[in-house]
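First the structure, in the form of structure tokens, and then the observations on it.
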Amino acid sequence: MYDFDHAPDRRATNSVKWAVQAGELPMWIADMDFRTAPAILTAMQKKISLGAFGYEAPGSDYFAAVATWYSEMHHAKPAPDWMLFATGVIPALSAIVRRMTQVGDNVLVQAPVYDIFYHSIENNGRRVCSSDLHDQDGQYHIDWADLEAKLAAPLTTMMILCNPHNPIGKVWSQAELEKIATLCLRHHVVLVADEIHGDLVWQGPDYTPVFSLPAPLHDNTISLVSPSKTFNVAALHAATVIVPDPALRAQVNRGLNTDEVAEPNLLAIPGTIAAYTQGAGWLRALRRQLAANAEQAKRFIAANLPEVKVINSTATYLMWLDVQAISTNAEKLASALRASTGLIVSAGSVYRGDGAHFLRLNFACPPAMLADGLNRLAKGIKLYQLA
């Protein structure tokens with residue numbers, strides 16, 4: 001019913017991912033090479049056909065669509081008055097960091113983690129405090145003693161959680177989330193959860209939205225959600241900030257409006273409503289394709305690159321590849337792969353922690369394109385080893 005075998009040609013279309021040289025294959029940035037759900041295209045086309053684009057604000061239909069989606073897809077329904085509109089997860093995160101912390105404060109993360117978190121912290125004069133995750137036999141774990149010690153530090157005022165976690169693809173269990181939230185509450189640290197990959201669990205138990213944790217734990221949380229990764233609509237610039245506690249929500253709302261990141265563009269509202277009211281069938285088909293692609297990649301790597309270890313994951317379309325048997329300098333290896341084969345992957349070093357031993361590969365593309373990328377990966381690594 002949906003076409004996951006052909007990729008739109010996005011060269012020369014202002015695409016960040018596809019601003020590449022002839023013959024190069026980008027498999028780095030978290031942007032899928034699939035057309036989005038047909039219902040979203042129809043809603044956008046209808047909006048454009050109106051021919052008049054004045055100021056807009058999200059109404060009850062927008063927030064009802066978000067609430068119903070989380071109820072039906074994740075069995076966790078946020079109250080409509082918990083929600084605020086924002087122009088994206090990262091603009092919202094940066095505004096929240098500025099509003100809810102002070103210059104010089106510690107903001108805790110769990111490295112290796114999405115590199116833009118560091119920008120939101122450091123560009124605003126705050127300090128990164130990482131409780132690093134530890135890889136044990138292809139599975140990452142939290143060092144609970146280290147996490148609590150760093151949350152208890154007097155200057156730590158906020159924790160940014162990636163749920164599910166990018167780049168490792170881990171889905172945190174409800175028990176783990178409750179333990180994290182309990183520690184944050186105990187030490188008066190606001191917990192902010194980036195849940196942009198929450199819809200992309202393609203194997204095993206679903207993710208648990210942080211806003212669904214029991215009170216009083218959820219009263220100390222801010223959840224950031226968006227259709228952008230789910231439906232490949234990052235340029236839609238639409239996200240929802242979910243804050244159960246009214247006092248905390250008032251502070252967040254002031255921060256979003258002070259930074260002018262609370263007003264939608266002309267397609268944000270109809271695009272989001274269409275995604276959340278008519279996109280479930282497309283998402284189910286996408287998850288099946290992602291599971292098949294992940295299996296395709298794992299089989300190829302096991303057969304052709306036994307020195308590369310694939311970290312176990314059940315979510316996102318980002319594969320975390322342990323390449324330390326080949327190189328402990330991921331940036332050097334990624335550059336060599338691009339130079340020798342045209343394959344562009346992310347060097348894990350940008351995610352900090354143990355990332356210098358890893359590459360991140362985006363496998364959300366048609367199977368034939370994935371096969372091309374995997375062949376380039378094998379060729380490039382062999383050339384690197386011979387050099």
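A note on labels: chains of the structure tokens are A, B, ... as shown, every chain counts residues from 1, and ligands are counted from 1 in their shown order.
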
- Name the residues in contact with region 157-168 of chain A at a cut-off of 6 Å, using only C-alpha atoms, excluding same-chain residues fewer than 5 positions from it; report them as a VMD selection string. chain A and resid 107 to 109 113 to 114 189 to 195 197 to 198 320

Mind dumping the selected residues with N, CA, C and O atoms as a PDB file, in the first residue's frame?
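out30.pdb written:
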ATOM      1  N   VAL A 107      24.006  20.859  33.441  1.00  0.00           N
ATOM      2  CA  VAL A 107      22.885  20.155  32.818  1.00  0.00           C
ATOM      3  C   VAL A 107      23.385  18.752  32.497  1.00  0.00           C
ATOM      4  O   VAL A 107      24.341  18.580  31.747  1.00  0.00           O
ATOM      5  N   LEU A 108      22.725  17.760  33.079  1.00  0.00           N
ATOM      6  CA  LEU A 108      23.200  16.381  32.984  1.00  0.00           C
ATOM      7  C   LEU A 108      22.667  15.690  31.735  1.00  0.00           C
ATOM      8  O   LEU A 108      21.493  15.810  31.398  1.00  0.00           O
ATOM      9  N   VAL A 109      23.540  14.950  31.065  1.00  0.00           N
ATOM     10  CA  VAL A 109      23.180  14.112  29.920  1.00  0.00           C
ATOM     11  C   VAL A 109      23.807  12.735  30.123  1.00  0.00           C
ATOM     12  O   VAL A 109      24.589  12.523  31.062  1.00  0.00           O
ATOM     13  N   VAL A 113      25.387  10.660  23.360  1.00  0.00           N
ATOM     14  CA  VAL A 113      24.023  11.130  23.149  1.00  0.00           C
ATOM     15  C   VAL A 113      24.010  12.173  22.044  1.00  0.00           C
ATOM     16  O   VAL A 113      25.050  12.735  21.681  1.00  0.00           O
ATOM     17  N   TYR A 114      22.824  12.406  21.509  1.00  0.00           N
ATOM     18  CA  TYR A 114      22.587  13.344  20.409  1.00  0.00           C
ATOM     19  C   TYR A 114      23.406  14.619  20.592  1.00  0.00           C
ATOM     20  O   TYR A 114      23.274  15.317  21.601  1.00  0.00           O
ATOM     21  N   VAL A 189      16.104  18.285  40.545  1.00  0.00           N
ATOM     22  CA  VAL A 189      16.600  18.447  39.181  1.00  0.00           C
ATOM     23  C   VAL A 189      15.428  18.247  38.221  1.00  0.00           C
ATOM     24  O   VAL A 189      14.756  17.212  38.259  1.00  0.00           O
ATOM     25  N   VAL A 190      15.160  19.228  37.369  1.00  0.00           N
ATOM     26  CA  VAL A 190      14.067  19.112  36.390  1.00  0.00           C
ATOM     27  C   VAL A 190      14.465  18.112  35.317  1.00  0.00           C
ATOM     28  O   VAL A 190      15.578  18.176  34.769  1.00  0.00           O
ATOM     29  N   LEU A 191      13.557  17.192  35.001  1.00  0.00           N
ATOM     30  CA  LEU A 191      13.817  16.163  33.989  1.00  0.00           C
ATOM     31  C   LEU A 191      13.134  16.548  32.685  1.00  0.00           C
ATOM     32  O   LEU A 191      11.914  16.658  32.609  1.00  0.00           O
ATOM     33  N   VAL A 192      13.946  16.753  31.644  1.00  0.00           N
ATOM     34  CA  VAL A 192      13.443  17.089  30.310  1.00  0.00           C
ATOM     35  C   VAL A 192      13.704  15.892  29.397  1.00  0.00           C
ATOM     36  O   VAL A 192      14.858  15.455  29.267  1.00  0.00           O
ATOM     37  N   ALA A 193      12.653  15.370  28.777  1.00  0.00           N
ATOM     38  CA  ALA A 193      12.777  14.171  27.942  1.00  0.00           C
ATOM     39  C   ALA A 193      12.539  14.512  26.479  1.00  0.00           C
ATOM     40  O   ALA A 193      11.447  14.972  26.110  1.00  0.00           O
ATOM     41  N   ASP A 194      13.556  14.278  25.658  1.00  0.00           N
ATOM     42  CA  ASP A 194      13.411  14.363  24.205  1.00  0.00           C
ATOM     43  C   ASP A 194      12.889  13.010  23.733  1.00  0.00           C
ATOM     44  O   ASP A 194      13.607  12.009  23.765  1.00  0.00           O
ATOM     45  N   GLU A 195      11.622  12.975  23.276  1.00  0.00           N
ATOM     46  CA  GLU A 195      10.978  11.717  22.895  1.00  0.00           C
ATOM     47  C   GLU A 195      10.635  11.687  21.405  1.00  0.00           C
ATOM     48  O   GLU A 195       9.673  11.056  20.982  1.00  0.00           O
ATOM     49  N   HIS A 197      11.950  10.164  18.997  1.00  0.00           N
ATOM     50  CA  HIS A 197      12.013   8.844  18.359  1.00  0.00           C
ATOM     51  C   HIS A 197      11.017   7.850  18.967  1.00  0.00           C
ATOM     52  O   HIS A 197      11.091   6.652  18.683  1.00  0.00           O
ATOM     53  N   GLY A 198      10.105   8.334  19.797  1.00  0.00           N
ATOM     54  CA  GLY A 198       9.219   7.438  20.526  1.00  0.00           C
ATOM     55  C   GLY A 198       8.313   6.575  19.668  1.00  0.00           C
ATOM     56  O   GLY A 198       7.945   5.461  20.071  1.00  0.00           O
ATOM     57  N   TRP A 320      24.249   1.823  15.572  1.00  0.00           N
ATOM     58  CA  TRP A 320      25.462   2.227  16.285  1.00  0.00           C
ATOM     59  C   TRP A 320      26.481   1.107  16.133  1.00  0.00           C
ATOM     60  O   TRP A 320      26.280  -0.002  16.634  1.00  0.00           O
TER      61      TRP A 320
END

- Query: Contacts of Ser349 (chain A) at 8 Å or less, counting only C-alpha atoms, minus same-chain residues fewer than 2 places along, as a ChimeraX atom specification?
  - Reply: /A:329-331,347,351-358

Written file, previous selection with C-alpha atoms, as a CSV table (one decimal), in the first residue's frame:
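Once written, part30.csv looks like this:
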chain,number,residue,atom,x,y,z
A,329,ASN,CA,39.4,7.4,15.7
A,330,ALA,CA,35.9,7.4,14.3
A,331,GLU,CA,36.3,10.8,12.6
A,347,ALA,CA,31.6,9.8,13.3
A,351,TYR,CA,28.2,12.1,20.6
A,352,ARG,CA,31.0,12.1,23.2
A,353,GLY,CA,31.3,9.3,25.8
A,354,ASP,CA,32.8,6.3,24.1
A,355,GLY,CA,31.8,7.6,20.6
A,356,ALA,CA,35.3,7.7,19.2
A,357,HIS,CA,35.0,4.0,18.8
A,358,PHE,CA,31.7,4.1,16.8

- Rank nothing, just name the residue among A:Gly138, A:Pro26, A:Pro91, A:Gly104 nearest to Ser313 (chain A), using only C-alpha atoms.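 For Ser313 (chain A), the nearest of the candidates is A:Gly138.
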
- Message: Here is a test: counting only C-alpha atoms, which residue of A:Ala52, A:Ala235, A:Met1, A:Leu305 is nearest to Trp282 (chain A)?
- Response: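 For Trp282 (chain A), the nearest of the given residues is A:Met1.
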
- Query: Any idea what's packed within 8 Å of Asp322 (chain A), counting only C-alpha atoms, ignoring anything in its chain fewer than 6 positions away? Could you give it as an MDAnalysis selection string?
  - Reply: chainID A and resid 308:311 357:359

Export, as an mmCIF file, in the first residue's frame, the selected residues with all heavy atoms.
data_model
loop_
_atom_site.group_PDB
_atom_site.id
_atom_site.type_symbol
_atom_site.label_atom_id
_atom_site.label_comp_id
_atom_site.auth_asym_id
_atom_site.auth_seq_id
_atom_site.Cartn_x
_atom_site.Cartn_y
_atom_site.Cartn_z
ATOM 1 N N VAL A 308 33.286 -5.709 12.945
ATOM 2 C CA VAL A 308 32.376 -4.637 13.343
ATOM 3 C C VAL A 308 31.268 -5.228 14.210
ATOM 4 O O VAL A 308 30.633 -6.210 13.827
ATOM 5 C CB VAL A 308 31.763 -3.938 12.110
ATOM 6 C CG1 VAL A 308 30.733 -2.906 12.535
ATOM 7 C CG2 VAL A 308 32.864 -3.284 11.275
ATOM 8 N N LYS A 309 31.032 -4.627 15.376
ATOM 9 C CA LYS A 309 29.977 -5.091 16.274
ATOM 10 C C LYS A 309 28.780 -4.154 16.173
ATOM 11 O O LYS A 309 28.937 -2.930 16.273
ATOM 12 C CB LYS A 309 30.475 -5.119 17.714
ATOM 13 C CG LYS A 309 31.452 -6.236 18.036
ATOM 14 C CD LYS A 309 32.081 -6.045 19.406
ATOM 15 C CE LYS A 309 31.073 -5.734 20.493
ATOM 16 N NZ LYS A 309 31.727 -5.479 21.807
ATOM 17 N N VAL A 310 27.593 -4.718 15.987
ATOM 18 C CA VAL A 310 26.366 -3.931 15.959
ATOM 19 C C VAL A 310 25.780 -3.893 17.366
ATOM 20 O O VAL A 310 25.513 -4.940 17.960
ATOM 21 C CB VAL A 310 25.341 -4.525 14.978
ATOM 22 C CG1 VAL A 310 24.054 -3.707 14.990
ATOM 23 C CG2 VAL A 310 25.920 -4.603 13.571
ATOM 24 N N ILE A 311 25.577 -2.688 17.900
ATOM 25 C CA ILE A 311 24.990 -2.552 19.233
ATOM 26 C C ILE A 311 23.505 -2.932 19.166
ATOM 27 O O ILE A 311 22.780 -2.503 18.270
ATOM 28 C CB ILE A 311 25.164 -1.111 19.749
ATOM 29 C CG1 ILE A 311 26.652 -0.800 19.929
ATOM 30 C CG2 ILE A 311 24.401 -0.905 21.057
ATOM 31 C CD1 ILE A 311 27.386 -1.674 20.916
ATOM 32 N N HIS A 357 34.878 5.354 19.230
ATOM 33 C CA HIS A 357 35.021 3.969 18.773
ATOM 34 C C HIS A 357 33.861 3.528 17.873
ATOM 35 O O HIS A 357 33.772 2.349 17.533
ATOM 36 C CB HIS A 357 35.084 3.009 19.967
ATOM 37 C CG HIS A 357 36.200 3.286 20.905
ATOM 38 N ND1 HIS A 357 36.226 2.807 22.209
ATOM 39 C CD2 HIS A 357 37.355 3.992 20.743
ATOM 40 C CE1 HIS A 357 37.332 3.209 22.792
ATOM 41 N NE2 HIS A 357 38.030 3.941 21.933
ATOM 42 N N PHE A 358 32.987 4.474 17.493
ATOM 43 C CA PHE A 358 31.748 4.098 16.823
ATOM 44 C C PHE A 358 31.468 4.940 15.579
ATOM 45 O O PHE A 358 31.918 6.085 15.461
ATOM 46 C CB PHE A 358 30.559 4.256 17.789
ATOM 47 C CG PHE A 358 30.534 3.246 18.899
ATOM 48 C CD1 PHE A 358 31.293 3.443 20.046
ATOM 49 C CD2 PHE A 358 29.767 2.102 18.796
ATOM 50 C CE1 PHE A 358 31.285 2.510 21.073
ATOM 51 C CE2 PHE A 358 29.739 1.166 19.823
ATOM 52 C CZ PHE A 358 30.503 1.364 20.958
ATOM 53 N N LEU A 359 30.685 4.348 14.690
ATOM 54 C CA LEU A 359 30.061 5.054 13.581
ATOM 55 C C LEU A 359 28.550 4.931 13.745
ATOM 56 O O LEU A 359 28.048 3.925 14.252
ATOM 57 C CB LEU A 359 30.464 4.447 12.233
ATOM 58 C CG LEU A 359 31.936 4.459 11.860
ATOM 59 C CD1 LEU A 359 32.135 3.714 10.541
ATOM 60 C CD2 LEU A 359 32.480 5.888 11.763
#

- Contacts of Asp206 (chain A) within 8 Å, only C-alpha atoms, excl. fewer than 5 positions in-chain, as a list of chain:residue names: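 With the cut-off at 8 Å, the set is A:His74, A:Val171, A:Val201.
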
- Task: Return as a PyMOL selection string the full set of residues in region 138-366 of chain A whose backbone-based DSSP assignment is strand (DSSP E).
- Result: chain A and resi 139-141+156-162+190-194+221-225+239-242+309-310+318-322+343-344+346-347+358-362

Create the file for the chosen residues now, containing N, CA, C and O atoms and written as a short mmCIF file (atom, residue, chain, number, x, y, z; two decimals), in the first residue's frame.
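again.cif was written with the following content:
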data_model
loop_
_atom_site.label_atom_id
_atom_site.label_comp_id
_atom_site.auth_asym_id
_atom_site.auth_seq_id
_atom_site.Cartn_x
_atom_site.Cartn_y
_atom_site.Cartn_z
N GLN A 139 25.29 -3.97 24.81
CA GLN A 139 24.11 -3.40 25.46
C GLN A 139 24.57 -2.32 26.44
O GLN A 139 25.45 -2.56 27.26
N TYR A 140 23.98 -1.13 26.32
CA TYR A 140 24.37 -0.03 27.20
C TYR A 140 23.58 -0.05 28.51
O TYR A 140 22.40 -0.39 28.53
N HIS A 141 24.26 0.37 29.59
CA HIS A 141 23.66 0.38 30.92
C HIS A 141 23.97 1.69 31.63
O HIS A 141 24.97 2.35 31.35
N THR A 156 23.86 21.05 39.67
CA THR A 156 23.06 20.33 38.68
C THR A 156 21.59 20.66 38.87
O THR A 156 21.01 20.35 39.92
N THR A 157 20.99 21.30 37.88
CA THR A 157 19.60 21.75 37.99
C THR A 157 18.67 21.15 36.95
O THR A 157 17.45 21.29 37.05
N MET A 158 19.24 20.48 35.94
CA MET A 158 18.42 19.90 34.87
C MET A 158 19.08 18.64 34.34
O MET A 158 20.32 18.56 34.27
N MET A 159 18.25 17.68 33.95
CA MET A 159 18.73 16.50 33.22
C MET A 159 17.98 16.41 31.91
O MET A 159 16.76 16.56 31.88
N ILE A 160 18.72 16.18 30.82
CA ILE A 160 18.10 15.96 29.51
C ILE A 160 18.22 14.48 29.20
O ILE A 160 19.31 13.93 29.09
N LEU A 161 17.07 13.84 29.07
CA LEU A 161 16.98 12.41 28.79
C LEU A 161 16.59 12.19 27.34
O LEU A 161 15.69 12.86 26.83
N CYS A 162 17.23 11.25 26.67
CA CYS A 162 16.85 10.88 25.31
C CYS A 162 16.07 9.56 25.38
O CYS A 162 16.63 8.53 25.77
N VAL A 190 15.16 19.23 37.37
CA VAL A 190 14.07 19.11 36.39
C VAL A 190 14.46 18.11 35.32
O VAL A 190 15.58 18.18 34.77
N LEU A 191 13.56 17.19 35.00
CA LEU A 191 13.82 16.16 33.99
C LEU A 191 13.13 16.55 32.69
O LEU A 191 11.91 16.66 32.61
N VAL A 192 13.95 16.75 31.64
CA VAL A 192 13.44 17.09 30.31
C VAL A 192 13.70 15.89 29.40
O VAL A 192 14.86 15.46 29.27
N ALA A 193 12.65 15.37 28.78
CA ALA A 193 12.78 14.17 27.94
C ALA A 193 12.54 14.51 26.48
O ALA A 193 11.45 14.97 26.11
N ASP A 194 13.56 14.28 25.66
CA ASP A 194 13.41 14.36 24.20
C ASP A 194 12.89 13.01 23.73
O ASP A 194 13.61 12.01 23.76
N THR A 221 8.54 16.86 35.31
CA THR A 221 9.03 16.48 33.98
C THR A 221 8.49 17.39 32.89
O THR A 221 7.40 17.97 33.01
N ILE A 222 9.26 17.46 31.81
CA ILE A 222 8.89 18.16 30.58
C ILE A 222 9.17 17.20 29.43
O ILE A 222 10.31 16.74 29.28
N SER A 223 8.16 16.86 28.65
CA SER A 223 8.33 15.94 27.52
C SER A 223 8.25 16.71 26.22
O SER A 223 7.37 17.57 26.05
N LEU A 224 9.14 16.39 25.28
CA LEU A 224 9.18 17.03 23.98
C LEU A 224 8.89 15.98 22.92
O LEU A 224 9.65 15.01 22.79
N VAL A 225 7.81 16.17 22.17
CA VAL A 225 7.42 15.18 21.15
C VAL A 225 7.16 15.90 19.83
O VAL A 225 6.90 17.11 19.79
N ALA A 239 6.35 20.84 17.02
CA ALA A 239 6.58 19.96 18.17
C ALA A 239 5.58 20.33 19.25
O ALA A 239 4.97 21.41 19.24
N THR A 240 5.41 19.41 20.19
CA THR A 240 4.52 19.65 21.32
C THR A 240 5.30 19.44 22.61
O THR A 240 6.03 18.46 22.75
N VAL A 241 5.16 20.38 23.52
CA VAL A 241 5.81 20.32 24.83
C VAL A 241 4.73 19.93 25.84
O VAL A 241 3.70 20.60 25.95
N ILE A 242 4.96 18.84 26.55
CA ILE A 242 3.96 18.30 27.46
C ILE A 242 4.47 18.44 28.90
O ILE A 242 5.48 17.84 29.27
N LYS A 309 31.03 -4.63 15.38
CA LYS A 309 29.98 -5.09 16.27
C LYS A 309 28.78 -4.15 16.17
O LYS A 309 28.94 -2.93 16.27
N VAL A 310 27.59 -4.72 15.99
CA VAL A 310 26.37 -3.93 15.96
C VAL A 310 25.78 -3.89 17.37
O VAL A 310 25.51 -4.94 17.96
N LEU A 318 18.72 4.32 13.39
CA LEU A 318 20.14 4.68 13.47
C LEU A 318 20.89 3.51 14.08
O LEU A 318 20.59 3.07 15.19
N MET A 319 21.85 2.97 13.34
CA MET A 319 22.61 1.81 13.79
C MET A 319 23.94 2.27 14.35
O MET A 319 24.68 3.02 13.71
N TRP A 320 24.25 1.82 15.57
CA TRP A 320 25.46 2.23 16.28
C TRP A 320 26.48 1.11 16.13
O TRP A 320 26.28 0.00 16.63
N LEU A 321 27.54 1.38 15.39
CA LEU A 321 28.51 0.37 14.98
C LEU A 321 29.82 0.53 15.73
O LEU A 321 30.49 1.56 15.63
N ASP A 322 30.19 -0.50 16.47
CA ASP A 322 31.45 -0.52 17.21
C ASP A 322 32.57 -0.91 16.25
O ASP A 322 32.63 -2.05 15.77
N LEU A 343 30.55 6.99 0.69
CA LEU A 343 29.59 6.75 1.77
C LEU A 343 29.81 7.77 2.89
O LEU A 343 30.93 7.93 3.37
N ILE A 344 28.72 8.41 3.30
CA ILE A 344 28.81 9.41 4.36
C ILE A 344 28.05 8.88 5.58
O ILE A 344 26.82 8.69 5.53
N SER A 346 28.01 9.10 10.18
CA SER A 346 28.37 10.00 11.28
C SER A 346 29.50 9.40 12.10
O SER A 346 29.44 8.22 12.48
N ALA A 347 30.51 10.21 12.39
CA ALA A 347 31.56 9.80 13.32
C ALA A 347 31.00 9.85 14.73
O ALA A 347 30.45 10.87 15.16
N PHE A 358 32.99 4.47 17.49
CA PHE A 358 31.75 4.10 16.82
C PHE A 358 31.47 4.94 15.58
O PHE A 358 31.92 6.08 15.46
N LEU A 359 30.69 4.35 14.69
CA LEU A 359 30.06 5.05 13.58
C LEU A 359 28.55 4.93 13.75
O LEU A 359 28.05 3.93 14.25
N ARG A 360 27.81 5.96 13.30
CA ARG A 360 26.35 5.88 13.29
C ARG A 360 25.87 5.86 11.85
O ARG A 360 26.20 6.74 11.06
N LEU A 361 25.09 4.83 11.51
CA LEU A 361 24.61 4.64 10.15
C LEU A 361 23.09 4.72 10.11
O LEU A 361 22.41 4.03 10.88
N ASN A 362 22.56 5.54 9.23
CA ASN A 362 21.11 5.70 9.05
C ASN A 362 20.64 4.66 8.03
O ASN A 362 21.03 4.72 6.87
#

- Skipping near chain neighbours, those fewer than 5 positions away, what residues fall within 12 Å of Ser71 (chain A) using only C-alpha atoms, listed as a PyMOL selection string? chain A and resi 64-66+76-80+208-209+211-212+276-277

Export of the given selection (N, CA and C atoms) as a PDB file, in the first residue's frame:
ATOM      1  N   ALA A  64      -5.998  17.920  20.600  1.00  0.00           N
ATOM      2  CA  ALA A  64      -6.771  16.674  20.662  1.00  0.00           C
ATOM      3  C   ALA A  64      -6.130  15.595  19.802  1.00  0.00           C
ATOM      4  N   ALA A  65      -5.583  15.988  18.644  1.00  0.00           N
ATOM      5  CA  ALA A  65      -4.926  15.021  17.769  1.00  0.00           C
ATOM      6  C   ALA A  65      -3.689  14.428  18.444  1.00  0.00           C
ATOM      7  N   VAL A  66      -2.908  15.275  19.113  1.00  0.00           N
ATOM      8  CA  VAL A  66      -1.724  14.789  19.819  1.00  0.00           C
ATOM      9  C   VAL A  66      -2.132  13.834  20.940  1.00  0.00           C
ATOM     10  N   ALA A  76      -1.051   6.107  26.586  1.00  0.00           N
ATOM     11  CA  ALA A  76      -0.724   7.152  27.554  1.00  0.00           C
ATOM     12  C   ALA A  76      -1.290   8.464  27.032  1.00  0.00           C
ATOM     13  N   LYS A  77      -2.375   8.933  27.611  1.00  0.00           N
ATOM     14  CA  LYS A  77      -3.059  10.116  27.080  1.00  0.00           C
ATOM     15  C   LYS A  77      -2.764  11.348  27.925  1.00  0.00           C
ATOM     16  N   PRO A  78      -2.060  12.318  27.368  1.00  0.00           N
ATOM     17  CA  PRO A  78      -1.848  13.562  28.111  1.00  0.00           C
ATOM     18  C   PRO A  78      -3.106  14.426  28.091  1.00  0.00           C
ATOM     19  N   ALA A  79      -3.338  15.148  29.165  1.00  0.00           N
ATOM     20  CA  ALA A  79      -4.466  16.079  29.194  1.00  0.00           C
ATOM     21  C   ALA A  79      -4.192  17.226  28.223  1.00  0.00           C
ATOM     22  N   PRO A  80      -5.208  17.691  27.504  1.00  0.00           N
ATOM     23  CA  PRO A  80      -4.971  18.784  26.547  1.00  0.00           C
ATOM     24  C   PRO A  80      -4.333  20.025  27.163  1.00  0.00           C
ATOM     25  N   THR A 208       7.912   4.134  26.916  1.00  0.00           N
ATOM     26  CA  THR A 208       7.050   4.736  27.930  1.00  0.00           C
ATOM     27  C   THR A 208       7.234   6.243  27.914  1.00  0.00           C
ATOM     28  N   PRO A 209       6.209   7.021  27.550  1.00  0.00           N
ATOM     29  CA  PRO A 209       6.347   8.479  27.614  1.00  0.00           C
ATOM     30  C   PRO A 209       6.570   8.935  29.056  1.00  0.00           C
ATOM     31  N   PHE A 211       5.752  11.655  30.436  1.00  0.00           N
ATOM     32  CA  PHE A 211       4.583  12.320  31.025  1.00  0.00           C
ATOM     33  C   PHE A 211       3.587  11.322  31.614  1.00  0.00           C
ATOM     34  N   SER A 212       3.721  10.036  31.249  1.00  0.00           N
ATOM     35  CA  SER A 212       2.796   9.014  31.745  1.00  0.00           C
ATOM     36  C   SER A 212       3.237   8.406  33.067  1.00  0.00           C
ATOM     37  N   TYR A 276      -1.212  12.688  12.890  1.00  0.00           N
ATOM     38  CA  TYR A 276      -1.673  12.041  14.109  1.00  0.00           C
ATOM     39  C   TYR A 276      -3.091  11.472  14.017  1.00  0.00           C
ATOM     40  N   THR A 277      -3.850  11.875  13.017  1.00  0.00           N
ATOM     41  CA  THR A 277      -5.201  11.327  12.883  1.00  0.00           C
ATOM     42  C   THR A 277      -5.331  10.316  11.752  1.00  0.00           C
TER      43      THR A 277
END

- Contact residues around region 369-382 of chain A with only C-alpha atoms at 8 Å, ignoring same-chain residues under 2 positions, as a PyMOL selection string: chain A and resi 25+27+293+297+300-301+304-305+326+336-337+340-343+363+365-367+384-386

Output of the above residues as a short mmCIF file (atom, residue, chain, number, x, y, z; two decimals), in the first residue's frame, restricted to N, CA and C atoms:
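Written output follows (result.cif):
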data_model
loop_
_atom_site.label_atom_id
_atom_site.label_comp_id
_atom_site.auth_asym_id
_atom_site.auth_seq_id
_atom_site.Cartn_x
_atom_site.Cartn_y
_atom_site.Cartn_z
N LEU A 25 26.85 8.94 -1.24
CA LEU A 25 25.64 8.37 -0.65
C LEU A 25 25.58 8.78 0.81
N MET A 27 24.33 8.69 4.48
CA MET A 27 23.61 7.84 5.43
C MET A 27 23.99 8.28 6.84
N ASN A 293 14.98 -3.71 7.38
CA ASN A 293 16.25 -3.06 7.03
C ASN A 293 17.32 -3.33 8.09
N ALA A 297 20.87 -5.21 7.43
CA ALA A 297 22.18 -4.64 7.76
C ALA A 297 22.96 -5.55 8.70
N PHE A 300 24.33 -8.59 6.80
CA PHE A 300 25.45 -8.22 5.92
C PHE A 300 26.72 -8.00 6.73
N ILE A 301 26.60 -7.25 7.81
CA ILE A 301 27.78 -6.94 8.62
C ILE A 301 28.36 -8.21 9.23
N ASN A 304 30.15 -10.06 6.31
CA ASN A 304 31.21 -9.40 5.56
C ASN A 304 32.15 -8.55 6.40
N LEU A 305 31.72 -8.17 7.60
CA LEU A 305 32.54 -7.31 8.45
C LEU A 305 32.52 -7.85 9.88
N ILE A 326 38.89 -1.80 14.27
CA ILE A 326 39.44 -1.25 13.04
C ILE A 326 40.14 0.08 13.30
N ALA A 336 37.72 8.70 5.81
CA ALA A 336 38.31 7.79 4.84
C ALA A 336 37.24 7.06 4.04
N LEU A 337 36.16 6.68 4.69
CA LEU A 337 35.06 6.01 4.00
C LEU A 337 34.47 6.93 2.92
N SER A 340 37.03 7.29 -0.03
CA SER A 340 37.29 6.11 -0.85
C SER A 340 36.06 5.54 -1.53
N THR A 341 34.87 5.75 -0.95
CA THR A 341 33.65 5.12 -1.49
C THR A 341 32.49 6.08 -1.71
N GLY A 342 32.56 7.29 -1.16
CA GLY A 342 31.43 8.22 -1.25
C GLY A 342 30.38 7.99 -0.19
N LEU A 343 30.55 6.99 0.69
CA LEU A 343 29.59 6.75 1.77
C LEU A 343 29.81 7.77 2.89
N PHE A 363 19.77 3.73 8.47
CA PHE A 363 19.31 2.67 7.57
C PHE A 363 17.87 2.86 7.09
N CYS A 365 16.02 3.77 4.47
CA CYS A 365 16.07 4.02 3.03
C CYS A 365 15.61 2.76 2.32
N PRO A 366 15.31 2.83 1.02
CA PRO A 366 14.93 1.63 0.28
C PRO A 366 15.99 0.54 0.39
N PRO A 367 15.58 -0.73 0.41
CA PRO A 367 16.54 -1.83 0.58
C PRO A 367 17.70 -1.81 -0.42
N TYR A 384 40.65 0.86 4.11
CA TYR A 384 41.24 1.53 5.27
C TYR A 384 42.25 0.60 5.96
N GLN A 385 41.89 -0.67 6.07
CA GLN A 385 42.78 -1.62 6.72
C GLN A 385 44.05 -1.89 5.91
N LEU A 386 43.93 -1.74 4.59
CA LEU A 386 45.09 -1.98 3.72
C LEU A 386 46.03 -0.78 3.65
#

- Note on the structure: Judged by only C-alpha atoms, the minimum distance to Gln45 (chain A) among A:Ala274, A:Ala334, A:Ala302, A:Ala95 is found for A:Ala274

- Message: Under the rule that only C-alpha atoms are counted, which of A:Val103, A:Met32, A:Ile40, A:Ala315 is the nearest residue to Leu200 (chain A)?
- Response: A:Ala315
